[in-house]
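Asker: For reference, this is start_31.txt, and it has compact mmCIF, C-alpha atoms and all ligand atoms.
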# COMPACT_ATOMS: atom_id res chain seq x y z
CA MET A 3 0.00 0.00 0.00
CA LYS A 4 0.99 3.66 -0.30
CA ALA A 5 1.89 5.49 2.92
CA VAL A 6 3.68 8.65 3.97
CA VAL A 7 6.77 7.71 5.91
CA CYS A 8 8.66 10.07 8.21
CA THR A 9 11.94 8.72 9.64
CA ARG A 10 13.27 11.95 11.15
CA TYR A 11 11.94 15.23 12.54
CA GLY A 12 12.32 18.36 10.44
CA PRO A 13 10.73 20.43 7.66
CA PRO A 14 7.85 19.11 5.47
CA GLU A 15 10.44 17.51 3.14
CA VAL A 16 10.97 14.73 5.73
CA LEU A 17 7.63 13.27 4.60
CA HIS A 18 7.97 10.72 1.79
CA LEU A 19 5.35 8.70 -0.06
CA LYS A 20 6.46 5.07 -0.12
CA GLU A 21 5.21 1.58 -0.90
CA VAL A 22 4.96 -0.35 2.39
CA GLU A 23 3.38 -3.59 3.55
CA LYS A 24 -0.39 -3.46 4.07
CA PRO A 25 -1.17 -4.06 7.78
CA ALA A 26 -3.24 -7.03 8.98
CA PRO A 27 -5.64 -6.66 11.94
CA LYS A 28 -4.92 -8.41 15.24
CA ASN A 29 -7.81 -10.18 16.99
CA ASN A 30 -9.09 -6.96 18.63
CA GLU A 31 -8.41 -4.67 15.67
CA VAL A 32 -10.21 -3.37 12.60
CA LEU A 33 -8.50 -2.76 9.27
CA ILE A 34 -9.62 0.57 7.82
CA LYS A 35 -9.48 1.42 4.13
CA ILE A 36 -8.75 5.14 4.47
CA TYR A 37 -10.39 7.61 2.09
CA ALA A 38 -9.54 10.82 3.92
CA SER A 39 -7.25 12.11 6.67
CA ALA A 40 -6.30 15.57 7.94
CA VAL A 41 -3.16 17.59 8.56
CA THR A 42 -3.56 19.17 11.99
CA ALA A 43 -1.60 21.87 13.79
CA SER A 44 -0.42 19.10 16.14
CA ASP A 45 0.95 16.99 13.23
CA CYS A 46 3.07 19.94 12.15
CA LEU A 47 4.22 20.73 15.66
CA MET A 48 5.24 17.10 16.24
CA ARG A 49 7.13 17.00 12.93
CA ARG A 50 9.36 20.01 13.63
CA SER A 51 12.99 19.63 14.74
CA ASP A 52 13.24 23.07 16.37
CA LEU A 53 10.90 22.58 19.35
CA PRO A 54 11.59 24.25 22.71
CA ILE A 55 13.21 21.80 25.14
CA ILE A 56 10.04 21.14 27.21
CA MET A 57 7.96 20.35 24.14
CA SER A 58 10.76 18.28 22.69
CA LEU A 59 10.77 16.16 25.88
CA GLY A 60 6.99 15.72 25.68
CA ARG A 61 7.20 14.75 22.02
CA GLY A 62 10.08 12.39 22.78
CA LEU A 63 8.03 10.49 25.37
CA ALA A 64 4.99 10.36 23.12
CA ALA A 65 6.52 9.75 19.71
CA GLY A 66 10.26 9.06 20.01
CA PHE A 67 13.25 11.14 21.12
CA THR A 68 15.69 11.14 18.21
CA LYS A 69 13.28 10.04 15.48
CA PRO A 70 9.61 9.03 15.14
CA ARG A 71 8.98 5.65 16.79
CA ARG A 72 6.15 5.04 14.32
CA PRO A 73 7.28 6.15 10.88
CA ILE A 74 3.84 6.40 9.25
CA TRP A 75 2.51 9.79 10.35
CA GLY A 76 -1.09 11.10 10.58
CA ALA A 77 -3.77 10.69 13.28
CA VAL A 78 -7.18 11.29 11.64
CA VAL A 79 -9.04 8.64 9.65
CA ALA A 80 -12.27 8.46 7.66
CA GLY A 81 -12.90 5.32 5.65
CA ASP A 82 -14.43 1.86 5.51
CA VAL A 83 -13.83 -1.13 7.73
CA GLU A 84 -12.33 -3.64 5.32
CA ALA A 85 -11.70 -6.49 7.78
CA VAL A 86 -12.12 -7.22 11.48
CA GLY A 87 -10.16 -9.38 13.93
CA LYS A 88 -11.98 -12.37 15.42
CA ASP A 89 -12.72 -10.66 18.78
CA VAL A 90 -14.12 -7.41 17.33
CA LYS A 91 -17.71 -6.76 18.39
CA LEU A 92 -18.41 -3.08 17.75
CA PHE A 93 -17.70 -2.89 14.00
CA ARG A 94 -18.42 -4.96 10.92
CA GLU A 95 -16.87 -5.23 7.50
CA GLY A 96 -18.24 -2.40 5.33
CA ASP A 97 -18.94 0.04 8.22
CA GLN A 98 -18.13 3.64 7.35
CA VAL A 99 -16.06 5.01 10.23
CA TYR A 100 -14.18 8.09 11.39
CA GLY A 101 -11.85 8.78 14.27
CA SER A 102 -8.38 9.34 15.58
CA THR A 103 -5.53 6.84 15.66
CA GLY A 104 -3.94 8.97 18.41
CA LEU A 105 -0.30 8.23 19.16
CA ARG A 106 -0.45 5.04 17.06
CA LEU A 107 -0.51 7.43 14.08
CA GLY A 108 -0.52 5.59 10.71
CA ALA A 109 -3.33 7.63 9.11
CA TYR A 110 -1.37 9.10 6.15
CA ALA A 111 -1.81 5.80 4.36
CA GLU A 112 -4.19 3.72 2.28
CA TYR A 113 -4.88 1.38 5.23
CA ALA A 114 -4.48 1.44 9.00
CA CYS A 115 -5.28 -0.98 11.83
CA MET A 116 -6.81 0.20 15.10
CA PRO A 117 -8.17 -1.54 18.19
CA GLU A 118 -11.97 -1.30 18.12
CA ALA A 119 -11.97 0.37 21.57
CA GLY A 120 -10.02 0.94 24.76
CA MET A 121 -7.21 3.02 23.25
CA MET A 122 -5.55 5.57 25.52
CA THR A 123 -4.93 8.01 22.71
CA GLY A 124 -7.29 7.17 19.85
CA CYS A 125 -10.92 6.32 19.18
CA LEU A 126 -13.26 5.21 16.41
CA ALA A 127 -17.01 5.49 15.69
CA LEU A 128 -19.47 5.21 12.82
CA LYS A 129 -19.13 8.18 10.46
CA PRO A 130 -21.97 10.73 10.22
CA ALA A 131 -24.16 9.42 7.40
CA THR A 132 -24.73 12.92 6.02
CA MET A 133 -21.02 13.64 5.51
CA SER A 134 -18.53 12.65 2.82
CA TYR A 135 -15.27 11.03 3.96
CA GLU A 136 -13.49 14.37 3.42
CA GLU A 137 -16.00 16.23 5.60
CA ALA A 138 -15.85 13.51 8.27
CA ALA A 139 -12.03 13.81 8.37
CA ALA A 140 -12.46 17.49 9.29
CA VAL A 141 -14.35 16.61 12.50
CA PRO A 142 -12.40 14.38 14.98
CA TYR A 143 -9.44 16.63 15.87
CA GLY A 144 -11.51 19.72 16.68
CA ALA A 145 -14.23 17.65 18.32
CA MET A 146 -11.86 15.80 20.68
CA ILE A 147 -10.29 19.03 21.88
CA ALA A 148 -13.27 21.41 21.84
CA LEU A 149 -15.73 18.99 23.47
CA HIS A 150 -13.24 18.19 26.25
CA PHE A 151 -12.57 21.83 27.14
CA MET A 152 -16.11 23.05 26.59
CA ASN A 153 -17.40 20.42 29.01
CA LYS A 154 -15.39 22.33 31.63
CA GLY A 155 -17.47 25.40 30.86
CA ASN A 156 -20.72 23.53 31.57
CA ILE A 157 -22.40 25.82 29.01
CA ARG A 158 -26.13 26.36 29.45
CA SER A 159 -28.69 27.94 27.17
CA GLY A 160 -28.67 31.74 27.26
CA GLN A 161 -25.13 32.05 28.63
CA LYS A 162 -22.55 34.27 26.95
CA VAL A 163 -19.58 32.42 25.47
CA LEU A 164 -16.49 33.93 23.83
CA VAL A 165 -14.31 31.78 21.57
CA TYR A 166 -10.84 33.30 21.07
CA GLY A 167 -9.33 32.07 17.78
CA ALA A 168 -12.67 31.15 16.25
CA SER A 169 -11.34 30.43 12.74
CA GLY A 170 -9.05 27.41 13.39
CA ALA A 171 -9.95 23.73 13.69
CA ASN A 172 -10.79 24.01 17.40
CA GLY A 173 -12.38 27.45 17.11
CA THR A 174 -14.80 26.61 14.27
CA THR A 175 -15.85 23.54 16.25
CA ALA A 176 -16.27 25.47 19.50
CA VAL A 177 -18.40 28.21 17.93
CA GLN A 178 -20.80 25.68 16.44
CA LEU A 179 -21.01 23.59 19.63
CA ALA A 180 -21.63 26.63 21.83
CA LYS A 181 -24.45 27.71 19.47
CA TYR A 182 -25.84 24.18 19.55
CA LEU A 183 -25.91 24.39 23.37
CA GLY A 184 -27.96 27.60 23.13
CA ALA A 185 -25.28 30.12 24.10
CA GLU A 186 -24.92 33.65 22.78
CA VAL A 187 -21.59 33.32 21.02
CA THR A 188 -18.90 35.88 20.30
CA GLY A 189 -16.11 34.72 17.98
CA VAL A 190 -12.71 36.43 17.90
CA CYS A 191 -10.75 36.20 14.63
CA SER A 192 -8.92 38.33 12.07
CA THR A 193 -10.60 40.51 9.43
CA ALA A 194 -10.30 37.83 6.75
CA ASN A 195 -12.30 35.32 8.81
CA LEU A 196 -15.16 37.48 10.14
CA GLU A 197 -17.66 36.25 7.54
CA LEU A 198 -16.70 32.61 8.05
CA VAL A 199 -17.19 32.83 11.81
CA LYS A 200 -20.55 34.61 11.39
CA SER A 201 -21.64 31.93 8.94
CA LEU A 202 -21.02 29.30 11.65
CA GLY A 203 -23.62 30.99 13.82
CA ALA A 204 -21.62 33.46 15.94
CA ASP A 205 -23.95 36.21 17.15
CA LYS A 206 -21.08 38.69 17.41
CA VAL A 207 -17.56 38.79 16.02
CA ILE A 208 -14.54 40.76 17.20
CA ASP A 209 -11.54 41.43 14.98
CA TYR A 210 -8.41 40.96 17.13
CA THR A 211 -6.30 42.91 14.62
CA ARG A 212 -8.22 46.18 15.22
CA GLU A 213 -6.82 48.69 17.71
CA ASP A 214 -10.30 49.35 19.16
CA SER A 215 -11.25 45.66 19.53
CA ILE A 216 -10.95 45.62 23.34
CA SER A 217 -13.84 48.08 23.66
CA SER A 218 -16.15 45.45 22.12
CA LEU A 219 -15.60 42.97 24.97
CA GLU A 220 -18.47 42.21 27.36
CA LEU A 221 -18.53 39.90 30.38
CA TYR A 222 -18.81 36.21 29.53
CA ASP A 223 -19.88 33.06 31.37
CA PHE A 224 -17.24 31.08 29.51
CA VAL A 225 -14.16 32.18 27.59
CA PHE A 226 -12.42 29.52 25.53
CA ASP A 227 -8.94 30.08 24.07
CA ALA A 228 -9.14 27.78 21.04
CA VAL A 229 -5.69 28.52 19.57
CA GLY A 230 -3.35 28.11 22.53
CA ARG A 231 -0.49 29.98 24.07
CA ARG A 232 1.56 30.38 20.89
CA LYS A 233 -1.07 32.66 19.31
CA SER A 234 -1.87 35.83 21.20
CA SER A 235 -2.79 39.51 20.94
CA LYS A 236 -3.53 42.49 23.20
CA LEU A 237 -7.18 41.49 23.02
CA LYS A 238 -6.48 37.95 24.20
CA VAL A 239 -4.88 39.21 27.40
CA GLN A 240 -8.08 41.18 28.13
CA CYS A 241 -10.34 38.22 27.27
CA LYS A 242 -9.02 36.37 30.34
CA GLU A 243 -10.43 39.14 32.53
CA ALA A 244 -13.77 39.50 30.71
CA LEU A 245 -15.60 37.03 32.92
CA THR A 246 -18.78 37.26 34.97
CA GLU A 247 -18.41 36.55 38.70
CA SER A 248 -18.94 32.83 38.17
CA GLY A 249 -17.40 32.86 34.68
CA LYS A 250 -14.82 30.25 33.65
CA TYR A 251 -11.79 30.38 31.36
CA ALA A 252 -10.27 27.41 29.52
CA SER A 253 -7.38 27.12 27.10
CA VAL A 254 -6.72 24.34 24.59
CA ASP A 255 -3.31 24.07 26.18
CA GLY A 256 -4.75 23.40 29.64
CA GLY A 257 -4.09 19.64 29.73
CA MET A 258 -4.24 16.70 27.37
CA PRO A 259 -7.76 15.52 26.50
CA ARG A 260 -8.30 11.77 26.31
CA PRO A 261 -9.95 10.96 22.97
CA ARG A 262 -13.32 9.37 23.59
CA ALA A 263 -15.43 7.43 21.12
CA GLU A 264 -18.49 8.85 22.92
CA TYR A 265 -17.45 12.32 21.65
CA LEU A 266 -17.48 11.02 18.08
CA VAL A 267 -20.88 9.38 18.62
CA ARG A 268 -22.22 12.66 20.02
CA MET A 269 -20.81 14.60 17.06
CA LYS A 270 -22.41 12.13 14.64
CA GLN A 271 -25.80 12.84 16.17
CA ILE A 272 -25.30 16.63 16.19
CA ILE A 273 -24.13 16.53 12.56
CA GLU A 274 -26.95 14.30 11.34
CA GLU A 275 -29.47 16.62 13.02
CA GLY A 276 -27.99 19.44 10.92
CA HIS A 277 -26.40 21.49 13.73
CA PHE A 278 -22.78 21.24 12.63
CA ARG A 279 -20.86 21.50 9.39
CA ALA A 280 -17.30 20.62 8.46
CA VAL A 281 -15.06 23.60 7.77
CA ILE A 282 -12.50 22.66 5.12
CA ASP A 283 -9.95 25.18 3.97
CA ARG A 284 -8.09 23.01 1.45
CA CYS A 285 -7.92 19.39 0.30
CA TYR A 286 -4.64 17.84 -0.87
CA PRO A 287 -4.08 14.35 -2.29
CA LEU A 288 -1.87 12.06 -0.17
CA GLU A 289 0.87 12.50 -2.77
CA GLN A 290 1.07 16.25 -1.86
CA ILE A 291 1.38 15.77 1.89
CA ALA A 292 4.51 17.96 2.16
CA GLU A 293 2.64 20.79 0.43
CA ALA A 294 -0.24 20.38 2.92
CA HIS A 295 2.19 20.55 5.87
CA ARG A 296 3.81 23.66 4.39
CA TYR A 297 0.39 25.33 4.29
CA VAL A 298 -0.58 24.34 7.85
CA ASP A 299 2.87 25.45 9.10
CA LYS A 300 1.92 29.02 8.18
CA GLY A 301 -0.61 28.99 11.06
CA HIS A 302 -3.49 30.66 9.23
CA LYS A 303 -5.64 27.80 8.00
CA LYS A 304 -9.39 28.28 8.19
CA GLY A 305 -10.82 25.21 9.94
CA ASN A 306 -9.21 22.09 8.55
CA VAL A 307 -6.84 20.84 5.88
CA VAL A 308 -7.97 17.48 4.55
CA ILE A 309 -5.96 14.76 2.80
CA THR A 310 -7.71 12.63 0.20
CA VAL A 311 -6.55 9.06 -0.33
CA GLY A 312 -7.24 7.93 -3.88
CA HIS A 313 -7.05 4.09 -4.11
CA GLY A 314 -7.66 4.72 -7.79
CA ASN A 315 -11.37 3.80 -7.42
CA LYS A 316 -12.95 5.92 -4.67
CA PRO A 317 -16.72 5.39 -4.29
N1 LIG A 401 -4.17 20.22 24.93
C1 LIG A 401 -3.82 19.42 23.95
O1 LIG A 401 -3.60 18.21 24.14
C2 LIG A 401 -3.75 19.96 22.55
C3 LIG A 401 -3.74 19.05 21.50
C4 LIG A 401 -3.67 19.58 20.23
C5 LIG A 401 -3.61 20.94 20.02
N2 LIG A 401 -3.60 21.79 21.09
C6 LIG A 401 -3.51 23.26 20.87
O2 LIG A 401 -4.35 23.61 19.81
C7 LIG A 401 -3.61 24.42 18.90
C8 LIG A 401 -4.08 24.18 17.49
O3 LIG A 401 -5.39 24.63 17.37
P1 LIG A 401 -6.08 24.63 15.95
O4 LIG A 401 -5.80 23.34 15.26
O5 LIG A 401 -7.47 25.06 16.12
O6 LIG A 401 -5.22 25.74 15.27
P2 LIG A 401 -5.22 26.14 13.76
O7 LIG A 401 -6.38 25.52 13.06
O8 LIG A 401 -3.86 25.90 13.22
O9 LIG A 401 -5.44 27.70 13.93
C9 LIG A 401 -5.31 28.47 12.82
C10 LIG A 401 -6.19 29.68 13.01
O10 LIG A 401 -5.69 30.49 14.07
C11 LIG A 401 -5.90 31.86 13.71
N3 LIG A 401 -4.94 32.70 14.40
C12 LIG A 401 -3.61 32.84 14.14
N4 LIG A 401 -3.05 33.70 15.00
C13 LIG A 401 -4.04 34.12 15.83
C14 LIG A 401 -4.09 35.01 16.93
N5 LIG A 401 -3.01 35.65 17.36
N6 LIG A 401 -5.27 35.19 17.55
C15 LIG A 401 -6.39 34.55 17.14
N7 LIG A 401 -6.42 33.69 16.09
C16 LIG A 401 -5.25 33.49 15.45
C17 LIG A 401 -5.68 31.86 12.20
O11 LIG A 401 -6.37 32.89 11.54
P3 LIG A 401 -5.72 34.34 11.39
O12 LIG A 401 -4.26 34.18 11.27
O13 LIG A 401 -6.35 34.92 10.19
O14 LIG A 401 -6.13 35.01 12.65
C18 LIG A 401 -6.22 30.50 11.75
O15 LIG A 401 -7.55 30.56 11.27
C19 LIG A 401 -2.17 23.97 19.06
O16 LIG A 401 -1.28 24.96 18.62
C20 LIG A 401 -2.12 23.71 20.52
O17 LIG A 401 -1.85 24.97 21.17
C21 LIG A 401 -3.69 21.33 22.36
Translate this structure into C-alpha cells?
Ligand SMILES: NC(=O)c1ccc[n+]([C@@H]2O[C@H](COP(=O)([O-])OP(=O)(O)OC[C@H]3O[C@@H](n4cnc5c(N)ncnc54)[C@H](OP(=O)(O)O)[C@@H]3O)[C@@H](O)[C@H]2O)c1

Answerer:
Amino acid sequence: MKAVVCTRYGPPEVLHLKEVEKPAPKNNEVLIKIYASAVTASDCLMRRSDLPIIMSLGRGLAAGFTKPRRPIWGAVVAGDVEAVGKDVKLFREGDQVYGSTGLRLGAYAEYACMPEAGMMTGCLALKPATMSYEEAAAVPYGAMIALHFMNKGNIRSGQKVLVYGASGANGTTAVQLAKYLGAEVTGVCSTANLELVKSLGADKVIDYTREDSISSLELYDFVFDAVGRRKSSKLKVQCKEALTESGKYASVDGGMPRPRAEYLVRMKQIIEEGHFRAVIDRCYPLEQIAEAHRYVDKGHKKGNVVITVGHGNKP
C-alpha cells in the first residue's frame, strides 16, 4: 500500500510517499481502508525539529526522542472497515467510520489498523451518514479538543460564550457547539475570517487585529482560548479578565484531552441533526502531503486541511 513515511523530525520535506506492507488486523483490531485524513496543527508541531526543550521532551516520550517511533505519520481517519479481527464486536466489514488513531498514528496511508476500543490516545465510531469522507475527516481533531474543554465550561442555554481564535480547527468547532448548546456566542478572529465565523452561527464577532477591539468585549460566562499559548494579541490578554463573577476560562493548552469514542458518537448525532458543518480550507491528495504541511505550518488555515486518499477507485 501507499503510505507517507517520516523517519526523522524536520521540515515538510521529511515526509515521503512510499510503498509499504499493508497491515493485517490483530484479533481486537479493525482494518480501515482510508479515504480521507487531515493535517492538523499538532501533526506539524510534532514534525518540527526546532521545538523548545520542554515540548521536545513531551514529544520524545509520546513519539520518540531522536526520530519518530512510528514512521507512518497522521492521526485522523475516515474510511471503511475492510476487515475485522476475530474478537471485534463493535464494527463490521463495510462500516463507514471516522476517528483518531492517536499516538499510534498511521493515518497518512491507504490502510491502518486500530483496536476497536479501549485506546488511551485514539478512538473510532461510525461516520456521520450525512457527511462525505473528506467532511468527516475534518471533525475528529476539533471535536476531541473542543468537546473536552467546553465540558469544563458547563455551558447552558442563554449564557454568553467567547471563543478566542474562532477560525481554526478548534475554534470553528467550538463556535458551532456553543451555538448548539444555546449560548450567545462571540467569535474572535482576524478581518479575513469574520464572515466565516458569522456563517457558523456566531452572534457577534470581534476582529483581534483592530486597535479598538478591546472596547467590544463584554462579560462572559465562559471564555475559551481555542488557539493556545503560541497565538496571542492584546485582546487575548483582556479576554481572560472578561468574565462574569462565576465565569470560567479554559485554554486548549490546559491539559491533554483523552480521545473518547463517545465524543465522536455525540458529534455524529449533532451533525446528522444538521447542527454542525465541516469547515474545510483546502484538500490535498496524499501525494502532496509535504505541500499540505507547508500550508498548515503558516498557522493561518481556516478550519481544517484534509488529505484525500485515492485508491484509484474511490466510491
Ligand atoms: N491540549 C492538547 O492536548 C492539545 C492538543 C492539540 C492541540 N492543542 C492546541 O491547539 C492548537 C491548534 O489549534 P487549531 O488546530 O485550532 O489551530 P489552527 O487551526 O492551526 O489555527 C489556525 C487559526 O488560528 C488563527 N490565528 C492565528 N493567530 C491568531 C491570533 N493571534 N489570535 C487569534 N487567532 C489566530 C488563524 O487565523 P488568522 O491568522 O487569520 O487570525 C487561523 O484561522 C495547538 O497549537 C495547541 O496549542 C492542544

Asker: Ranking A:Cys115, A:Val311, A:Ala127, A:Leu105 by minimum distance to A:Ala85 and counting all atoms listed in the file, which one comes first?

Answerer: A:Cys115

Asker: Could the residues that lie within 8 Å of ligand LIG 401 (chain A), counting only C-alpha atoms and all ligand atoms, be listed as JSON, numbers by chain?

Answerer: {"A": [42, 43, 44, 47, 143, 144, 147, 166, 167, 168, 169, 170, 171, 172, 173, 174, 190, 191, 192, 193, 194, 195, 210, 228, 229, 230, 231, 232, 233, 234, 235, 238, 253, 254, 255, 256, 257, 258, 259, 298, 299, 301, 302, 303, 304, 305, 306]}

Asker: At what distance in Å, to one decimal, does atom CA of A:Arg158 lie from atom CA of A:Phe226?

Answerer: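 Separation of atom CA of A:Phe226 and atom CA of A:Arg158: 14.6 Å.
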
Asker: Please, what distance in Å, to one decimal, runs between atom CA of A:Val7 and atom CA of A:Pro117?

Answerer: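 Atom CA of A:Pro117 lies at a distance of 21.4 Å from atom CA of A:Val7.
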
Asker: Show me as a PyMOL selection string the residues that reach within 6 Å of (-6.8, 7.1, 16.4), counting all atoms listed in the file and using the file's own coordinates.

Answerer: chain A and resi 77+101-104+124-125

Asker: Just give me the gap between atom CA of A:Leu19 and atom CA of A:Ala145 in Å, one decimal is fine.

Answerer: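 Distance reported for this atom pair: 28.3 Å.
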
Asker: Skipping near chain neighbours, those fewer than 3 positions away, what residues fall within 10 Å of A:Cys8 using all atoms listed in the file, listed as a PyMOL selection string?

Answerer: chain A and resi 5+11-12+14-20+49+69-75

Asker: A:Arg260, A:Lys236, A:His313, A:Arg50: which is nearest A:Thr68, counting only C-alpha atoms?

Answerer: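 Checking each of A:Arg260, A:Lys236, A:His313, A:Arg50 against A:Thr68, counting only C-alpha atoms, the winner is A:Arg50.
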
Asker: Near A:Gly276, within 12 Å and counting only C-alpha atoms, which residues show up once chain neighbours fewer than 4 positions away are dropped, as a list of chain:residue names?

Answerer: A:Pro130, A:Ala131, A:Thr132, A:Met133, A:Gln178, A:Leu179, A:Tyr182, A:Met269, A:Lys270, A:Gln271, A:Ile272, A:Ala280

Asker: When you count all atoms listed in the file, which of these residues is closest to A:Met48: A:Met116, A:Met146, A:Val32, A:Leu107?

Answerer: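 Using all atoms listed in the file, the shortest distance to A:Met48 belongs to A:Leu107.
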
Asker: Identify which of the residues A:Glu84, A:Glu136, A:Glu21, A:Glu197 lies closest to A:Tyr286, counting all atoms listed in the file when measuring atom-to-atom distances.

Answerer: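 Counting all atoms listed in the file, the residue closest to A:Tyr286 is A:Glu136.
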
Asker: Using all atoms listed in the file, which of A:Asn29, A:Ser39, A:Asn153, A:Thr310 sits nearest A:Val90?

Answerer: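 Among the listed residues, the smallest separation from A:Val90 belongs to A:Asn29.
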
Asker: Between A:Ile216, A:Gly81, A:Tyr110, A:Ala185, which is the closest to A:Pro287 once you count only C-alpha atoms?

Answerer: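 Smallest distance to A:Pro287 is found for A:Tyr110.
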